[in-house]
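Below is my_file_32.txt, holding compact mmCIF, C-alpha atoms.
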# COMPACT_ATOMS: atom_id res chain seq x y z
CA LYS A 1041 74.04 116.14 113.99
CA ALA A 1042 76.34 113.44 112.67
CA GLY A 1043 75.60 109.88 113.66
CA VAL A 1044 77.89 107.25 115.10
CA THR A 1045 80.85 106.70 112.80
CA GLN A 1046 83.01 103.61 112.66
CA THR A 1047 86.31 103.16 110.87
CA PRO A 1048 87.31 101.31 108.89
CA ARG A 1049 84.12 99.98 107.34
CA TYR A 1050 85.78 96.86 105.96
CA LEU A 1051 88.90 95.05 107.04
CA ILE A 1052 90.64 91.86 105.95
CA LYS A 1053 93.23 90.29 108.22
CA THR A 1054 94.95 86.93 108.52
CA ARG A 1055 95.00 84.58 111.47
CA GLY A 1056 97.35 85.62 114.22
CA GLN A 1057 97.30 89.31 113.37
CA GLN A 1058 95.78 91.97 115.55
CA VAL A 1059 93.26 94.65 114.66
CA THR A 1060 92.04 97.95 116.08
CA LEU A 1061 88.58 99.29 115.32
CA SER A 1062 87.49 102.85 116.00
CA CYS A 1063 84.17 104.37 116.98
CA SER A 1064 83.23 108.04 117.24
CA PRO A 1065 79.98 108.55 119.13
CA ILE A 1066 77.36 111.18 118.47
CA SER A 1067 78.56 114.53 119.76
CA GLY A 1068 77.78 114.85 123.46
CA HIS A 1069 77.25 111.13 124.00
CA ARG A 1070 79.44 109.70 126.73
CA SER A 1071 78.43 106.04 126.70
CA VAL A 1072 79.83 103.73 124.03
CA SER A 1073 79.02 100.04 123.65
CA TRP A 1074 80.41 97.40 121.32
CA TYR A 1075 78.66 94.35 119.91
CA GLN A 1076 79.74 91.47 117.71
CA GLN A 1077 77.29 90.19 115.11
CA THR A 1078 77.73 86.79 113.48
CA PRO A 1079 75.27 84.53 111.64
CA GLY A 1080 75.74 81.78 114.21
CA GLN A 1081 75.74 83.70 117.48
CA GLY A 1082 73.70 86.76 116.55
CA LEU A 1083 74.37 90.00 118.40
CA GLN A 1084 76.63 89.58 121.40
CA PHE A 1085 77.62 92.29 123.86
CA LEU A 1086 81.36 92.97 124.08
CA PHE A 1087 81.77 95.92 126.47
CA GLU A 1088 80.42 99.27 127.52
CA TYR A 1089 82.28 102.43 128.48
CA PHE A 1090 81.16 105.61 130.17
CA SER A 1091 83.54 108.51 130.81
CA GLU A 1092 86.57 106.31 130.10
CA THR A 1093 85.45 103.61 132.55
CA GLN A 1094 84.47 100.11 131.48
CA ARG A 1095 81.23 99.36 133.28
CA ASN A 1096 80.50 95.93 131.87
CA LYS A 1097 82.19 93.30 129.76
CA GLY A 1098 80.64 90.44 127.84
CA ASN A 1099 81.71 86.83 127.82
CA PHE A 1100 84.61 87.10 125.38
CA PRO A 1101 88.23 85.97 125.75
CA GLY A 1102 90.92 88.38 126.90
CA ARG A 1103 92.03 88.81 123.27
CA PHE A 1104 89.19 91.31 123.02
CA SER A 1105 89.89 94.61 124.71
CA GLY A 1106 88.72 98.17 124.45
CA ARG A 1107 89.17 101.65 125.76
CA GLN A 1108 87.52 105.03 125.69
CA PHE A 1109 89.26 108.35 125.40
CA SER A 1110 88.46 111.63 127.11
CA ASN A 1111 86.62 112.85 124.00
CA SER A 1112 84.37 109.74 124.26
CA ARG A 1113 85.83 108.12 121.14
CA SER A 1114 86.39 104.42 121.65
CA GLU A 1115 88.60 101.74 120.20
CA MET A 1116 88.43 98.00 120.44
CA ASN A 1117 91.35 95.70 119.83
CA VAL A 1118 91.42 92.03 118.96
CA SER A 1119 94.77 90.29 119.23
CA THR A 1120 95.83 86.94 117.77
CA LEU A 1121 92.92 86.86 115.36
CA GLU A 1122 91.07 83.61 114.78
CA LEU A 1123 88.82 82.64 111.87
CA GLY A 1124 85.84 82.79 114.21
CA ASP A 1125 86.46 86.49 114.84
CA SER A 1126 85.10 87.25 111.38
CA ALA A 1127 82.02 89.33 112.11
CA LEU A 1128 80.32 92.68 111.90
CA TYR A 1129 81.42 94.78 114.86
CA LEU A 1130 78.86 97.37 115.87
CA CYS A 1131 79.35 100.38 118.07
CA ALA A 1132 76.52 102.23 119.78
CA SER A 1133 76.44 105.47 121.71
CA SER A 1134 74.03 106.85 124.25
CA LEU A 1135 73.58 110.28 125.76
CA GLN A 1136 72.53 109.18 129.19
CA ALA A 1137 74.60 107.72 131.98
CA ASP A 1138 71.87 105.10 131.99
CA SER A 1139 72.92 103.74 128.61
CA ARG A 1140 69.76 101.65 128.36
CA ILE A 1141 67.96 104.65 127.02
CA GLU A 1142 68.17 104.99 123.26
CA GLN A 1143 71.40 103.52 122.02
CA PHE A 1144 72.22 104.70 118.50
CA PHE A 1145 74.21 102.32 116.35
CA GLY A 1146 76.88 102.96 113.76
CA PRO A 1147 77.07 101.13 110.40
CA GLY A 1148 79.60 98.65 111.72
CA THR A 1149 83.03 97.40 110.71
CA ARG A 1150 83.02 94.18 108.70
CA LEU A 1151 86.08 92.15 109.73
CA THR A 1152 87.11 89.15 107.67
CA VAL A 1153 89.84 86.88 109.02
CA LEU A 1154 91.52 84.61 106.47
CA GLY B 591 69.75 82.17 130.69
CA GLU B 592 70.05 85.12 128.34
CA ASP B 593 68.16 83.74 125.35
CA VAL B 594 65.71 86.23 123.90
CA GLU B 595 63.68 84.26 121.41
CA GLN B 596 62.12 85.26 118.13
CA SER B 597 60.79 83.33 115.18
CA LEU B 598 63.30 83.38 112.32
CA PHE B 599 61.15 84.26 109.32
CA LEU B 600 57.93 86.05 108.47
CA SER B 601 56.49 86.62 105.03
CA VAL B 602 53.55 88.95 104.37
CA ARG B 603 51.90 90.59 101.38
CA GLU B 604 52.24 94.32 100.81
CA GLY B 605 49.43 96.18 102.55
CA ASP B 606 48.84 93.48 105.16
CA SER B 607 49.79 93.78 108.83
CA SER B 608 52.92 92.09 110.16
CA VAL B 609 53.25 90.83 113.70
CA ILE B 610 56.69 89.94 115.02
CA ASN B 611 56.87 88.19 118.37
CA CYS B 612 59.55 88.04 121.03
CA THR B 613 59.94 86.30 124.37
CA TYR B 614 62.42 87.91 126.71
CA THR B 615 64.04 86.54 129.82
CA ASP B 616 64.48 89.12 132.57
CA SER B 617 61.31 90.31 134.24
CA SER B 618 63.23 93.20 135.78
CA SER B 619 64.09 94.71 132.40
CA THR B 620 62.71 98.22 132.50
CA TYR B 621 63.03 98.97 128.82
CA LEU B 622 62.29 96.74 125.86
CA TYR B 623 63.25 97.69 122.33
CA TRP B 624 62.66 96.98 118.69
CA TYR B 625 65.45 97.53 116.18
CA LYS B 626 65.50 97.19 112.40
CA GLN B 627 68.52 96.14 110.35
CA GLU B 628 68.61 96.50 106.59
CA PRO B 629 71.19 94.66 104.49
CA GLY B 630 74.70 95.98 105.01
CA ALA B 631 73.59 98.48 107.62
CA GLY B 632 73.72 98.93 111.37
CA LEU B 633 70.76 98.82 113.70
CA GLN B 634 68.03 101.44 113.61
CA LEU B 635 65.97 101.99 116.75
CA LEU B 636 62.30 101.74 115.82
CA THR B 637 60.67 102.13 119.19
CA TYR B 638 60.91 101.16 122.83
CA ILE B 639 58.44 100.59 125.62
CA PHE B 640 58.69 101.01 129.36
CA SER B 641 57.80 97.98 131.42
CA ASN B 642 54.97 99.86 133.14
CA MET B 643 53.14 100.15 129.81
CA ASP B 644 51.03 97.54 128.06
CA MET B 645 50.94 99.18 124.65
CA LYS B 646 52.66 101.89 122.70
CA GLN B 647 51.62 103.17 119.28
CA ASP B 648 53.85 105.16 116.96
CA GLN B 649 52.40 105.78 113.49
CA ARG B 650 52.30 102.36 111.76
CA LEU B 651 54.00 100.61 114.69
CA THR B 652 52.22 99.13 117.69
CA VAL B 653 54.11 97.46 120.51
CA LEU B 654 52.29 95.16 122.91
CA LEU B 655 53.83 94.02 126.18
CA ASN B 656 52.66 91.10 128.30
CA LYS B 657 54.84 91.20 131.39
CA LYS B 658 53.28 88.12 132.95
CA ASP B 659 54.36 85.98 129.99
CA LYS B 660 57.46 88.10 129.20
CA HIS B 661 56.12 88.49 125.68
CA LEU B 662 56.68 91.45 123.41
CA SER B 663 55.22 91.98 119.96
CA LEU B 664 55.63 94.49 117.17
CA ARG B 665 52.79 95.08 114.75
CA ILE B 666 53.48 96.92 111.51
CA ALA B 667 50.32 98.17 109.84
CA ASP B 668 50.07 98.49 106.05
CA THR B 669 53.41 96.73 105.54
CA GLN B 670 55.44 98.05 102.61
CA THR B 671 58.29 96.52 100.61
CA GLY B 672 60.62 98.98 102.33
CA ASP B 673 59.83 97.25 105.60
CA SER B 674 61.68 94.15 104.43
CA ALA B 675 64.54 93.77 106.91
CA ILE B 676 65.61 91.89 110.01
CA TYR B 677 63.86 92.96 113.21
CA PHE B 678 65.46 92.50 116.60
CA CYS B 679 63.87 92.80 119.99
CA ALA B 680 66.15 93.60 122.90
CA GLU B 681 65.98 93.87 126.66
CA SER B 682 68.29 95.67 129.03
CA PRO B 683 68.35 94.37 132.60
CA PRO B 684 68.96 97.18 135.09
CA GLY B 685 72.53 97.80 136.14
CA THR B 686 74.06 95.82 133.27
CA TYR B 687 74.61 98.66 130.76
CA LYS B 688 74.03 96.22 127.94
CA TYR B 689 71.35 95.05 125.56
CA ILE B 690 70.46 91.40 125.15
CA PHE B 691 69.24 90.93 121.62
CA GLY B 692 66.91 88.36 120.21
CA THR B 693 67.86 86.14 117.33
CA GLY B 694 66.17 88.42 114.82
CA THR B 695 63.15 87.91 112.56
CA ARG B 696 63.66 88.29 108.83
CA LEU B 697 60.57 89.98 107.40
CA LYS B 698 59.95 89.57 103.69
CA VAL B 699 57.24 91.69 102.11
CA LEU B 700 55.81 90.36 98.88
CA ALA B 701 54.54 92.84 96.30
Would you mind writing the structure in this file as structure tokens?
Amino acid sequence: KAGVTQTPRYLIKTRGQQVTLSCSPISGHRSVSWYQQTPGQGLQFLFEYFSETQRNKGNFPGRFSGRQFSNSRSEMNVSTLELGDSALYLCASSLQADSRIEQFFGPGTRLTVL
Amino acid sequence: GEDVEQSLFLSVREGDSSVINCTYTDSSSTYLYWYKQEPGAGLQLLTYIFSNMDMKQDQRLTVLLNKKDKHLSLRIADTQTGDSAIYFCAESPPGTYKYIFGTGTRLKVLA
């Protein structure tokens, strides 16, 4: 069974631009979560979706948004990019409605903002 | 607060045991996890423990849980150079649908 896939793997943008990252969960998984990883802040929760519904959102500005499609694929969007948005963005999927059980992570998208 | 604490670095010799410690924050967290991250990679789930357990063993890995002190540890027996990585503990408070990760412990295994 294929794992969680994230596209693109690497991305370079300039300040003020916007970006869309994509995540395809493991087949059959309906919960998708997003995390931001930076050297300074570590791993921070962005949001979690289950069956197209956002169930929780982390403490990030409104420039960060996401959605989930009916096939469970998810996208996150960051508008008006800032230098501090440079990070590894990780997506995780879970089979259960209780997404605490066994989240499987993708390899991440490395975003660099210049 | 939501600060899950870990020591930043640990260095051990190949063949020795490694013990990575973590202090979590929410006593209601039902599940507690250990993840491994190798350079340039995502997070790999190593093991998890239910809060009604004190210990869980899985091959070379032993997890100990002290709920009273909200302390979690991961012991790696016979540590190998391939175990060099960053190890994260995480908790997931019920009803939040999120993980709160620790700061990560960088394990370096010396040959």
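Using all atoms listed in the file, one finds that the residues of chain A close to chain B, at 9 Å or less, are Ser1073, Gln1081, Gly1082, Leu1083, Gln1084, Phe1085, Leu1086, Phe1087, Glu1088, Tyr1089, Arg1095, Asn1096, Lys1097, Gly1098, Leu1130, Cys1131, Asp1138, Ser1139, Arg1140, Ile1141, Glu1142, Gln1143, Phe1144, Phe1145, Gly1146, Pro1147 and Gly1148 of chain A.
Across the model, the gap from atom CA of Trp624 of chain B to atom CA of Ser641 of chain B is 13.7 Å.
Between atom CA of Ser1064 of chain A and atom CA of Thr1120 of chain A lies a distance of 24.6 Å.
Here atom CA of Asn1117 of chain A stands at a distance of 12.8 Å from atom CA of Tyr1075 of chain A.
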statement: Using only C-alpha atoms, the best pick from B:Gln649, B:Ser608, B:Ser663, B:Asn656 as closest to Leu697 of chain B would be B:Ser608
- prompt: Neighbours of His1069 of chain A within 8 Å (all atoms listed in the file; same-chain residues fewer than 2 positions away dropped), as a PyMOL selection string?
  reply: chain A and resi 1065-1067+1071-1072+1112+1133-1136
Go ahead and find all residues with at least one atom no further than 8 Å from (96.5, 97.8, 119.3) in the file's coordinates, using all atoms listed in the file; report them as a short mmCIF file (atom, residue, chain, number, x, y, z; two decimals) with C-alpha atoms, in the frame of the given file.
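See selection27.cif below for the written result:
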data_model
loop_
_atom_site.label_atom_id
_atom_site.label_comp_id
_atom_site.auth_asym_id
_atom_site.auth_seq_id
_atom_site.Cartn_x
_atom_site.Cartn_y
_atom_site.Cartn_z
CA GLN A 1058 95.78 91.97 115.55
CA VAL A 1059 93.26 94.65 114.66
CA THR A 1060 92.04 97.95 116.08
CA ASN A 1117 91.35 95.70 119.83
CA VAL A 1118 91.42 92.03 118.96
CA SER A 1119 94.77 90.29 119.23
#
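Excluding Gly672 of chain B itself and any same-chain residue fewer than 3 positions from it, the protein and nucleic acid residues within 12 Å of it, counting only C-alpha atoms, are B:Glu604, B:Gly605, B:Lys626, B:Gln627, B:Glu628, B:Pro629, B:Ile666, B:Asp668, B:Thr669, B:Ala675, B:Ile676, B:Leu697, B:Lys698, B:Val699, B:Leu700, B:Ala701.
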Mind dumping the selected residues with C-alpha atoms as a PDB file, keeping the file's coordinate frame?
ATOM      1  CA  GLU B 604      52.240  94.320 100.810  1.00  0.00           C
ATOM      2  CA  GLY B 605      49.430  96.180 102.550  1.00  0.00           C
ATOM      3  CA  LYS B 626      65.500  97.190 112.400  1.00  0.00           C
ATOM      4  CA  GLN B 627      68.520  96.140 110.350  1.00  0.00           C
ATOM      5  CA  GLU B 628      68.610  96.500 106.590  1.00  0.00           C
ATOM      6  CA  PRO B 629      71.190  94.660 104.490  1.00  0.00           C
ATOM      7  CA  ILE B 666      53.480  96.920 111.510  1.00  0.00           C
ATOM      8  CA  ASP B 668      50.070  98.490 106.050  1.00  0.00           C
ATOM      9  CA  THR B 669      53.410  96.730 105.540  1.00  0.00           C
ATOM     10  CA  ALA B 675      64.540  93.770 106.910  1.00  0.00           C
ATOM     11  CA  ILE B 676      65.610  91.890 110.010  1.00  0.00           C
ATOM     12  CA  LEU B 697      60.570  89.980 107.400  1.00  0.00           C
ATOM     13  CA  LYS B 698      59.950  89.570 103.690  1.00  0.00           C
ATOM     14  CA  VAL B 699      57.240  91.690 102.110  1.00  0.00           C
ATOM     15  CA  LEU B 700      55.810  90.360  98.880  1.00  0.00           C
ATOM     16  CA  ALA B 701      54.540  92.840  96.300  1.00  0.00           C
TER      17      ALA B 701
END
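The residue that comes closest to Arg1107 of chain A, out of A:Thr1045, A:Ser1062, A:Thr1149, A:Thr1078 and on the basis of all atoms listed in the file, is A:Ser1062.
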